[in-house]
Amino acid sequence: MTLTANSSAAPSAFAHGAGPMNPARFPSLQGRAVFVTGGGSGIGAAMVEAFAAAGARVGFVDVAAEASAELAGRIEAGGRPAPWWRACDVRDVAALQKAIADASGALGDFHALVNNVASDDRHTLESVTTEYWDNRMAINERPAFFAIQAVVPGMKRLGQGAIVNLGSTGWQSKASEYPCYAIAKSSVNGLTRGLAKSLGAHRIRINTVSPGWVMTERQVSKWLTPAGEDDIARNQCLPDKLLPEDIARMVLFLASDDGRMCTAQEFTVDAGWV
Ligand SMILES: NC(=O)c1ccc[n+]([C@@H]2O[C@H](COP(=O)([O-])OP(=O)(O)OC[C@H]3O[C@@H](n4cnc5c(N)ncnc54)[C@H](O)[C@@H]3O)[C@@H](O)[C@H]2O)c1
């Protein structure tokens, strides 16, 4: 496998099993302001890079300052404006909403919001305390709602907007090693569908993108065991490994005008996991 995730400022030609590909550019994103939570590494960083490569004005928050600074530097070194970013722990809702307001002050009203931040740390039913439960929900569930609350006034001013909430196929395939994460991720479709009608009246679209098992550096280093490799080979219909860029492409489509009439849906990018 060639892991090119987060290794280039312009992910225009990343390697797949079938060879390099030349993905779409979505010209409607040019000059538009976009905000990504948890954009400093993993899938979020691939989205930040892809939006920047499309000419969008990108803002993001992440708790990981070092990775975020490195990402911003990489984008700038690649000839694009450095994204606006701030080290922010999204468990602090006031800090998250302040970051969104400040980023909007610098970049303009947001055309698109991607609720990407999450943590899939492992735990058991028996080990979970109320404090741990609250902590998991404060990362995996609550920030999306309050980020939406912060960007919607600007989207209403623009007369349009696109919100993408990152779901997961993990709970759908009954993965059992992270019950609190599974519960939070299962609520993403409720968030999407519960807001689609009221936001739709303002031409604000809201969708879920649910990744399968994506080979971020964290996944590869922490969870990809030989048994996991067997799982992928057995369960995916497609032989190639999912890369962060594969998720970014779907997110960019939905954020762009190409996704104009898509709302209230779940889009799964999982290589056909059975
Ligand atoms: N990687 C996968 O296989 C996979 C599968 C299904 C769904 N997803 C979903 O895709 C999205 C991105 O996944 P990923 O694997 O890149 O995630 P990740 O675990 O790598 O984390 C995403 C980013 O969030 C940041 N972050 C974590 N806690 C934070 C906090 N409290 N405040 C601010 N930032 C914080 C991390 O530093 C990281 O940059 C998530 O919503 C995840 O649930 C991923």
# chains A, B, ... in the order shown; residues from 1 in each chain; ligands from 1
$ select_by_dssp --residues "stretch 62-169 of chain A" --states "strand (DSSP E)" --output "ChimeraX atom specification"
/A:62,84-87,110-115,161-166
$ residues_near_ligand --ligand "ligand 1" --cutoff "7 Å" --atoms "only C-alpha atoms and all ligand atoms" --output "PyMOL selection string"
chain A and resi 37-44+61-64+88-91+116-120+139+166-170+185+210-216+218-219
$ closest_residue --among "A:Leu195, A:Ala45, A:Val274, A:Leu113" --to "A:Ser173" --atoms "only C-alpha atoms"
A:Val274
$ select_by_dssp --residues "stretch 5-237 of chain A" --states "alpha helix (DSSP H)" --output "number ranges by chain"
A: 42-53, 65-77, 93-107, 130-140, 142-158, 179-186, 188-200, 217-222, 226-235
$ residues_around --residues "stretch 145-147 of chain A" --least-positions-apart "4" --cutoff "7 Å" --atoms "only C-alpha atoms" --output "list of chain:residue names"
A:Val93, A:Gln97, A:Val151
$ closest_residue --among "A:Met47, A:Gly194, A:Thr130, A:Gly159" --to "A:Asn115" --atoms "only C-alpha atoms"
A:Met47
